[in-house]
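Asks: Below is data_32.cif; it holds mmCIF, C-alpha atoms.
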data_protein
loop_
_atom_site.label_atom_id
_atom_site.label_comp_id
_atom_site.auth_asym_id
_atom_site.auth_seq_id
_atom_site.Cartn_x
_atom_site.Cartn_y
_atom_site.Cartn_z
CA MET A 1 0.00 0.00 0.00
CA PRO A 2 1.43 3.40 -0.99
CA GLU A 3 2.62 5.60 1.80
CA SER A 4 0.54 8.53 0.54
CA ASN A 5 -2.60 6.76 1.68
CA LEU A 6 -1.36 6.52 5.26
CA ASN A 7 -0.80 10.20 6.03
CA GLY A 8 -4.33 10.70 7.59
CA ALA A 9 -5.72 12.93 4.86
CA TYR A 10 -9.39 12.45 3.90
CA TYR A 11 -10.62 13.35 0.45
CA GLY A 12 -14.23 12.11 0.63
CA PRO A 13 -17.48 14.18 0.99
CA SER A 14 -17.45 16.93 3.63
CA ILE A 15 -18.86 16.03 7.03
CA PRO A 16 -21.68 18.41 8.11
CA PRO A 17 -21.29 20.16 11.50
CA PRO A 18 -23.41 18.84 14.41
CA ALA A 19 -26.96 20.28 14.51
CA LYS A 20 -27.72 22.85 17.20
CA SER A 21 -30.86 22.28 19.27
CA TYR A 22 -32.95 25.28 20.41
CA HIS A 23 -35.39 25.11 23.37
CA ARG A 24 -38.50 27.22 23.00
CA HIS A 25 -39.54 28.37 26.43
CA GLY A 26 -43.24 28.28 27.37
CA ARG A 27 -44.38 26.44 24.23
CA GLY A 28 -47.97 25.20 24.66
CA SER A 29 -48.60 27.47 27.65
CA SER A 30 -48.80 30.77 25.82
CA CYS A 31 -51.83 32.81 26.91
CA ASN A 32 -53.77 35.44 25.07
CA PRO A 33 -53.94 38.50 27.39
CA CYS A 34 -57.69 38.90 26.86
CA SER A 35 -58.38 35.20 27.55
CA CYS A 36 -56.24 35.24 30.68
CA LEU A 37 -57.99 38.37 31.99
CA PHE A 38 -61.47 36.91 31.33
CA GLY A 39 -60.56 33.65 33.06
CA CYS A 40 -59.18 35.51 36.06
CA LEU A 41 -62.33 37.65 36.34
CA CYS A 42 -64.59 34.58 36.11
CA ASN A 43 -62.57 32.81 38.77
CA CYS A 44 -62.79 35.83 41.10
CA PHE A 45 -66.53 36.21 40.40
CA PHE A 46 -67.33 32.59 41.30
CA LYS A 47 -65.21 32.83 44.43
CA ILE A 48 -67.14 35.94 45.53
CA ILE A 49 -70.52 34.27 44.84
CA PHE A 50 -69.47 31.15 46.72
CA THR A 51 -68.30 33.23 49.68
CA LEU A 52 -71.55 35.21 49.74
CA LEU A 53 -73.60 32.00 49.69
CA ILE A 54 -71.65 30.67 52.65
CA ILE A 55 -72.15 33.93 54.56
CA LEU A 56 -75.88 33.97 53.82
CA GLY A 57 -76.17 30.34 54.88
CA VAL A 58 -74.43 31.07 58.17
CA ILE A 59 -76.67 34.10 58.78
CA ALA A 60 -79.81 32.05 58.04
CA LEU A 61 -78.63 29.31 60.41
CA VAL A 62 -77.92 31.82 63.18
CA LEU A 63 -81.32 33.48 62.71
CA TRP A 64 -83.06 30.12 62.82
CA LEU A 65 -81.20 29.13 65.98
CA VAL A 66 -82.03 32.46 67.64
CA LEU A 67 -85.64 32.80 66.50
CA ARG A 68 -86.68 29.14 66.38
CA PRO A 69 -89.71 29.91 64.17
CA ASN A 70 -92.79 27.76 64.62
CA LYS A 71 -95.84 27.44 62.40
CA VAL A 72 -98.79 29.68 63.14
CA LYS A 73 -101.84 27.54 63.93
CA PHE A 74 -105.41 28.22 62.77
CA TYR A 75 -108.52 26.60 64.24
CA VAL A 76 -112.27 26.69 63.76
CA THR A 77 -113.32 26.52 67.40
CA ASP A 78 -117.06 26.94 66.93
CA ALA A 79 -119.61 27.18 64.13
CA THR A 80 -123.28 28.08 64.15
CA LEU A 81 -125.51 27.25 61.19
CA THR A 82 -129.08 28.48 61.54
CA GLN A 83 -130.12 28.24 57.89
CA PHE A 84 -128.94 26.27 54.91
CA ASP A 85 -131.66 25.66 52.33
CA LEU A 86 -131.15 24.79 48.70
CA SER A 87 -133.81 25.67 46.15
CA THR A 88 -133.63 23.01 43.46
CA THR A 89 -135.69 25.11 41.03
CA ASN A 90 -133.13 27.91 40.66
CA ASN A 91 -130.03 26.46 42.42
CA THR A 92 -130.08 29.15 45.11
CA ILE A 93 -128.76 28.54 48.62
CA PHE A 94 -130.14 30.49 51.58
CA TYR A 95 -127.64 30.44 54.42
CA ASP A 96 -126.72 31.85 57.80
CA LEU A 97 -123.33 30.68 59.04
CA ALA A 98 -121.19 32.18 61.80
CA LEU A 99 -117.72 30.99 62.80
CA ASN A 100 -115.36 31.48 65.70
CA MET A 101 -111.74 31.03 64.65
CA THR A 102 -108.49 31.37 66.55
CA ILE A 103 -104.97 32.13 65.34
CA ARG A 104 -102.16 31.00 67.61
CA ASN A 105 -98.72 32.59 67.18
CA PRO A 106 -96.34 30.40 69.24
CA ASN A 107 -93.18 32.37 68.39
CA LYS A 108 -91.33 34.26 71.10
CA ARG A 109 -89.65 36.86 68.88
CA ILE A 110 -91.86 37.10 65.78
CA GLY A 111 -94.91 39.35 65.49
CA ILE A 112 -97.35 39.27 62.57
CA TYR A 113 -99.13 42.08 60.73
CA TYR A 114 -102.34 40.83 59.13
CA ASP A 115 -102.75 43.56 56.50
CA SER A 116 -105.72 41.98 54.73
CA ILE A 117 -107.92 38.93 55.35
CA GLU A 118 -110.57 37.63 52.97
CA ALA A 119 -112.74 34.74 54.19
CA ARG A 120 -114.54 32.62 51.60
CA ALA A 121 -117.27 30.08 52.38
CA LEU A 122 -117.67 27.08 50.10
CA TYR A 123 -120.03 24.15 49.85
CA GLN A 124 -118.96 21.12 47.82
CA GLY A 125 -116.30 23.22 46.11
CA GLU A 126 -118.69 26.05 45.18
CA ARG A 127 -118.18 29.44 46.79
CA PHE A 128 -121.41 30.94 48.08
CA ASP A 129 -120.13 33.96 50.04
CA SER A 130 -117.05 35.95 51.05
CA THR A 131 -116.29 38.68 53.57
CA ASN A 132 -113.32 40.89 54.45
CA LEU A 133 -112.11 40.99 58.04
CA GLU A 134 -110.41 43.82 59.91
CA PRO A 135 -106.59 43.95 59.72
CA PHE A 136 -104.66 43.70 62.99
CA TYR A 137 -101.26 43.05 64.55
CA GLN A 138 -100.57 39.89 66.52
CA GLY A 139 -97.80 39.94 69.11
CA HIS A 140 -95.47 37.23 70.35
CA LYS A 141 -96.97 34.07 71.86
CA ASN A 142 -100.45 35.43 71.35
CA THR A 143 -103.85 34.00 70.41
CA SER A 144 -106.20 36.16 68.32
CA SER A 145 -109.83 35.57 67.32
CA LEU A 146 -111.65 35.91 64.01
CA ARG A 147 -115.44 35.89 63.68
CA PRO A 148 -116.48 35.70 60.03
CA VAL A 149 -120.22 35.72 59.36
CA PHE A 150 -121.88 34.58 56.12
CA LYS A 151 -125.53 35.41 55.65
CA GLY A 152 -127.71 35.78 52.57
CA GLN A 153 -128.47 33.89 49.40
CA SER A 154 -126.35 32.86 46.47
CA LEU A 155 -126.58 31.03 43.18
CA VAL A 156 -124.50 27.84 43.14
CA LEU A 157 -123.93 25.40 40.31
CA LEU A 158 -124.47 21.94 41.78
CA GLY A 159 -124.73 18.81 39.69
CA ASP A 160 -126.96 15.84 40.36
CA ARG A 161 -124.32 14.18 42.53
CA GLU A 162 -123.84 17.31 44.66
CA LYS A 163 -127.60 17.72 45.05
CA SER A 164 -127.84 14.11 46.17
CA ASN A 165 -125.10 14.76 48.75
CA TYR A 166 -127.01 17.80 49.95
CA ASN A 167 -130.19 15.75 50.46
CA ASN A 168 -128.24 13.14 52.42
CA GLU A 169 -126.67 15.79 54.66
CA LYS A 170 -130.05 17.46 55.12
CA ASN A 171 -131.50 14.18 56.36
CA LEU A 172 -128.56 13.76 58.75
CA GLY A 173 -128.74 17.36 59.90
CA VAL A 174 -124.96 17.85 59.49
CA TYR A 175 -123.30 19.73 56.61
CA GLU A 176 -119.72 19.59 55.40
CA MET A 177 -118.42 23.12 54.88
CA GLU A 178 -115.17 24.70 53.82
CA VAL A 179 -113.78 28.14 54.65
CA LYS A 180 -110.65 29.55 53.04
CA LEU A 181 -108.70 32.54 54.31
CA TYR A 182 -106.65 34.55 51.83
CA MET A 183 -104.19 36.80 53.62
CA ARG A 184 -101.47 39.34 53.13
CA ILE A 185 -99.18 39.37 56.12
CA ARG A 186 -95.80 40.76 57.21
CA LEU A 187 -93.51 39.33 59.85
CA LYS A 188 -91.83 41.56 62.41
CA VAL A 189 -88.56 40.62 64.10
CA GLY A 190 -87.36 43.41 66.35
CA TRP A 191 -87.47 46.53 64.18
CA ILE A 192 -87.25 44.56 60.93
CA LYS A 193 -90.39 43.93 58.87
CA THR A 194 -90.48 41.50 55.99
CA HIS A 195 -92.14 42.01 52.63
CA LYS A 196 -95.74 40.88 52.25
CA ILE A 197 -96.42 37.15 52.28
CA LYS A 198 -99.61 35.61 50.88
CA PRO A 199 -100.51 32.45 52.83
CA LYS A 200 -103.73 30.54 52.23
CA ILE A 201 -105.58 28.74 55.02
CA GLU A 202 -108.07 25.96 54.32
CA CYS A 203 -110.56 24.79 56.94
CA ASP A 204 -112.81 21.77 56.39
CA PHE A 205 -115.40 21.11 59.07
CA LYS A 206 -118.82 19.64 59.76
CA VAL A 207 -121.50 21.82 61.29
CA PRO A 208 -124.84 20.58 62.63
CA LEU A 209 -128.18 22.24 61.95
CA GLY A 210 -130.62 21.63 64.74
CA SER A 211 -134.38 21.55 64.66
CA ASN A 212 -136.31 24.79 64.11
CA GLY A 213 -133.26 26.29 62.43
CA ARG A 214 -131.23 26.36 65.63
CA SER A 215 -127.73 25.02 65.49
CA SER A 216 -126.37 23.07 68.42
CA SER A 217 -122.77 24.30 68.75
CA ALA A 218 -122.27 21.83 71.57
CA ASN A 219 -122.02 19.11 68.93
CA PHE A 220 -119.40 20.97 66.92
CA GLU A 221 -115.92 19.48 66.92
CA GLU A 222 -112.99 21.90 66.90
CA THR A 223 -111.08 21.65 63.64
CA ARG A 224 -107.49 22.55 62.85
CA CYS A 225 -106.96 24.27 59.51
CA HIS A 226 -104.27 23.65 56.92
CA LEU A 227 -101.73 26.41 56.28
CA ASP A 228 -100.28 26.73 52.78
CA TRP A 229 -97.44 29.23 52.29
#
Can you give me the file's structure in the form of structure tokens?
Replies:
Amino acid sequence: MPESNLNGAYYGPSIPPPAKSYHRHGRGSSCNPCSCLFGCLCNCFFKIIFTLLIILGVIALVLWLVLRPNKVKFYVTDATLTQFDLSTTNNTIFYDLALNMTIRNPNKRIGIYYDSIEARALYQGERFDSTNLEPFYQGHKNTSSLRPVFKGQSLVLLGDREKSNYNNEKNLGVYEMEVKLYMRIRLKVGWIKTHKIKPKIECDFKVPLGSNGRSSSANFEETRCHLDW
């Protein structure tokens, strides 16, 4: 082998230099300024709402523990029916019904303003009279009385089934009645008064009609009414 080939010289293709690697910082985590600002605002908004909900929940719990609110109770304690005649020729009812009702507020720290009270009398789902009662304020742990009176005549639309029920009750001398109270009330706690609330009270009861048009209230059974907020 010639000596010229052993001197270390290389005459082949040129060898390329090693490639340089560049690291791009933050690739894939770039953030549009507007998007980042919107996301930050949304995050802060939801945190504020969540904090407010917790605060309101704590306040409601504290108020409940302090006030211990109890349901107001309504009763029909007595009823007097001295007339209840149905004319089958023109579907007119002649009536004379008087009630004694009580409202019991068992709460120690809650007073109630009864701004308006409408009492409606119904027979077999048909209203035959209504009357408005005087507004009043009921204090803590207090029992108040209502005395609605329904007297007159009214046209009612009773079907054959309802008329048959009427005849049966007339023979028994006991009638099933219903009175509904529609109210607008406000609650008072200390110096704070709530907005107006519109509860509805439903009272179903049986009232006897004695002989000679005289009702025997001694046979009346006290009835508790249903309160619907």
Asks: Would you list the residues near (-119.0, 25.9, 64.6), meaning any protein, DNA or RNA residue with an atom at most 8 Å from that point in file coordinates, counting only C-alpha atoms, as a ChimeraX atom specification?
Replies: /A:76-81,98-100,206-207,217,220-222
Asks: Can you write out the residues you just picked, keeping C-alpha atoms, as a PDB file, in the coordinates of the input?
Replies:
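Generated file (out-v3.pdb):
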ATOM      1  CA  VAL A  76    -112.270  26.690  63.760  1.00  0.00           C
ATOM      2  CA  THR A  77    -113.320  26.520  67.400  1.00  0.00           C
ATOM      3  CA  ASP A  78    -117.060  26.940  66.930  1.00  0.00           C
ATOM      4  CA  ALA A  79    -119.610  27.180  64.130  1.00  0.00           C
ATOM      5  CA  THR A  80    -123.280  28.080  64.150  1.00  0.00           C
ATOM      6  CA  LEU A  81    -125.510  27.250  61.190  1.00  0.00           C
ATOM      7  CA  ALA A  98    -121.190  32.180  61.800  1.00  0.00           C
ATOM      8  CA  LEU A  99    -117.720  30.990  62.800  1.00  0.00           C
ATOM      9  CA  ASN A 100    -115.360  31.480  65.700  1.00  0.00           C
ATOM     10  CA  LYS A 206    -118.820  19.640  59.760  1.00  0.00           C
ATOM     11  CA  VAL A 207    -121.500  21.820  61.290  1.00  0.00           C
ATOM     12  CA  SER A 217    -122.770  24.300  68.750  1.00  0.00           C
ATOM     13  CA  PHE A 220    -119.400  20.970  66.920  1.00  0.00           C
ATOM     14  CA  GLU A 221    -115.920  19.480  66.920  1.00  0.00           C
ATOM     15  CA  GLU A 222    -112.990  21.900  66.900  1.00  0.00           C
TER      16      GLU A 222
END
Asks: Using all atoms listed in the file for the distances, tell me which of A:Pro69, A:Gly111, A:Pro135, A:Gly173 is nearest to Trp191 of chain A.
Replies: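 So, comparing all the options, the nearest one is A:Gly111.
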Asks: With all atoms listed in the file as the counted atoms, please give the residues lying no more than 12 Å from Met101 of chain A, apart from itself and same-chain residues fewer than 3 positions off, as a list in words.
Replies: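 Contacts, with the query itself left out: Lys73, Phe74, Tyr75, Val76, Thr77, Asp78, Ala79, Thr80, Ala98, Arg104, Ala119, Leu133, Thr143, Ser144, Ser145, Leu146, Arg147, Pro148, Val149, Val179, Lys180, Leu181, Ile201, Cys203, Phe205, Glu222, Thr223, Arg224 and Cys225 of chain A.
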Asks: To one decimal place in Å, what is the distance between atom CA of Ser130 of chain A and atom CA of Pro199 of chain A?
Replies: 17.0 Å
Asks: What is the distance, in Å and to one decimal place, between atom CA of Gly152 of chain A and atom CA of Ile93 of chain A?
Replies: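 Atom CA of Ile93 of chain A lies 8.3 Å from atom CA of Gly152 of chain A.
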Asks: Using only C-alpha atoms, which residues sit within 12 Å of segment 164-167 of chain A once same-chain residues fewer than 3 positions away are excluded, as a PyMOL selection string?
Replies: chain A and resi 84-88+91+93+123-124+158-161+170-177
Asks: Starting from the PyMOL selection byres ((chain A and resi 197) around 6), expand the selection into actual residues of this file and give them as a list in words.
Replies: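 Here the PyMOL selection byres ((chain A and resi 197) around 6) matches Arg184, Ile185, Lys196 and Lys198 of chain A.
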Asks: I need the output of the PyMOL selection byres ((chain A and resi 108) around 6) for this file as a count of residues only; which residues are they?
Replies: 4
Asks: Grab the atom CA of Leu97 of chain A to atom CA of Asn219 of chain A distance for me, in Å with one decimal place.
Replies: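 Separating atom CA of Leu97 of chain A from atom CA of Asn219 of chain A is a distance of 15.3 Å.
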Asks: To verify the selection step, state as a list in words which residues the PyMOL selection byres ((chain A and resi 182) around 6) yields on this input.
Replies: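 Selection result, ordered by chain and number: Ile117, Glu118, Leu181, Met183 and Lys200 of chain A.
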Asks: With distances taken over all atoms listed in the file, which residue among A:Thr82, A:Glu178, A:Glu169, A:Val72 lies nearest Arg120 of chain A?
Replies: A:Glu178
Asks: List the spatial neighbours of Leu157 of chain A as a PyMOL selection string - criterion: any atom at most 10 Å away, only C-alpha atoms, same-chain residues fewer than 3 positions off excluded.
Replies: chain A and resi 90-92+124-128+154+162-163
Asks: Output C-alpha atoms for every residue in the selection just made, as an mmCIF file, keeping the file's coordinate frame.
Replies:
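Output file part_2.cif follows:
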data_model
loop_
_atom_site.group_PDB
_atom_site.id
_atom_site.type_symbol
_atom_site.label_atom_id
_atom_site.label_comp_id
_atom_site.auth_asym_id
_atom_site.auth_seq_id
_atom_site.Cartn_x
_atom_site.Cartn_y
_atom_site.Cartn_z
ATOM 1 C CA ASN A 90 -133.130 27.910 40.660
ATOM 2 C CA ASN A 91 -130.030 26.460 42.420
ATOM 3 C CA THR A 92 -130.080 29.150 45.110
ATOM 4 C CA GLN A 124 -118.960 21.120 47.820
ATOM 5 C CA GLY A 125 -116.300 23.220 46.110
ATOM 6 C CA GLU A 126 -118.690 26.050 45.180
ATOM 7 C CA ARG A 127 -118.180 29.440 46.790
ATOM 8 C CA PHE A 128 -121.410 30.940 48.080
ATOM 9 C CA SER A 154 -126.350 32.860 46.470
ATOM 10 C CA GLU A 162 -123.840 17.310 44.660
ATOM 11 C CA LYS A 163 -127.600 17.720 45.050
#
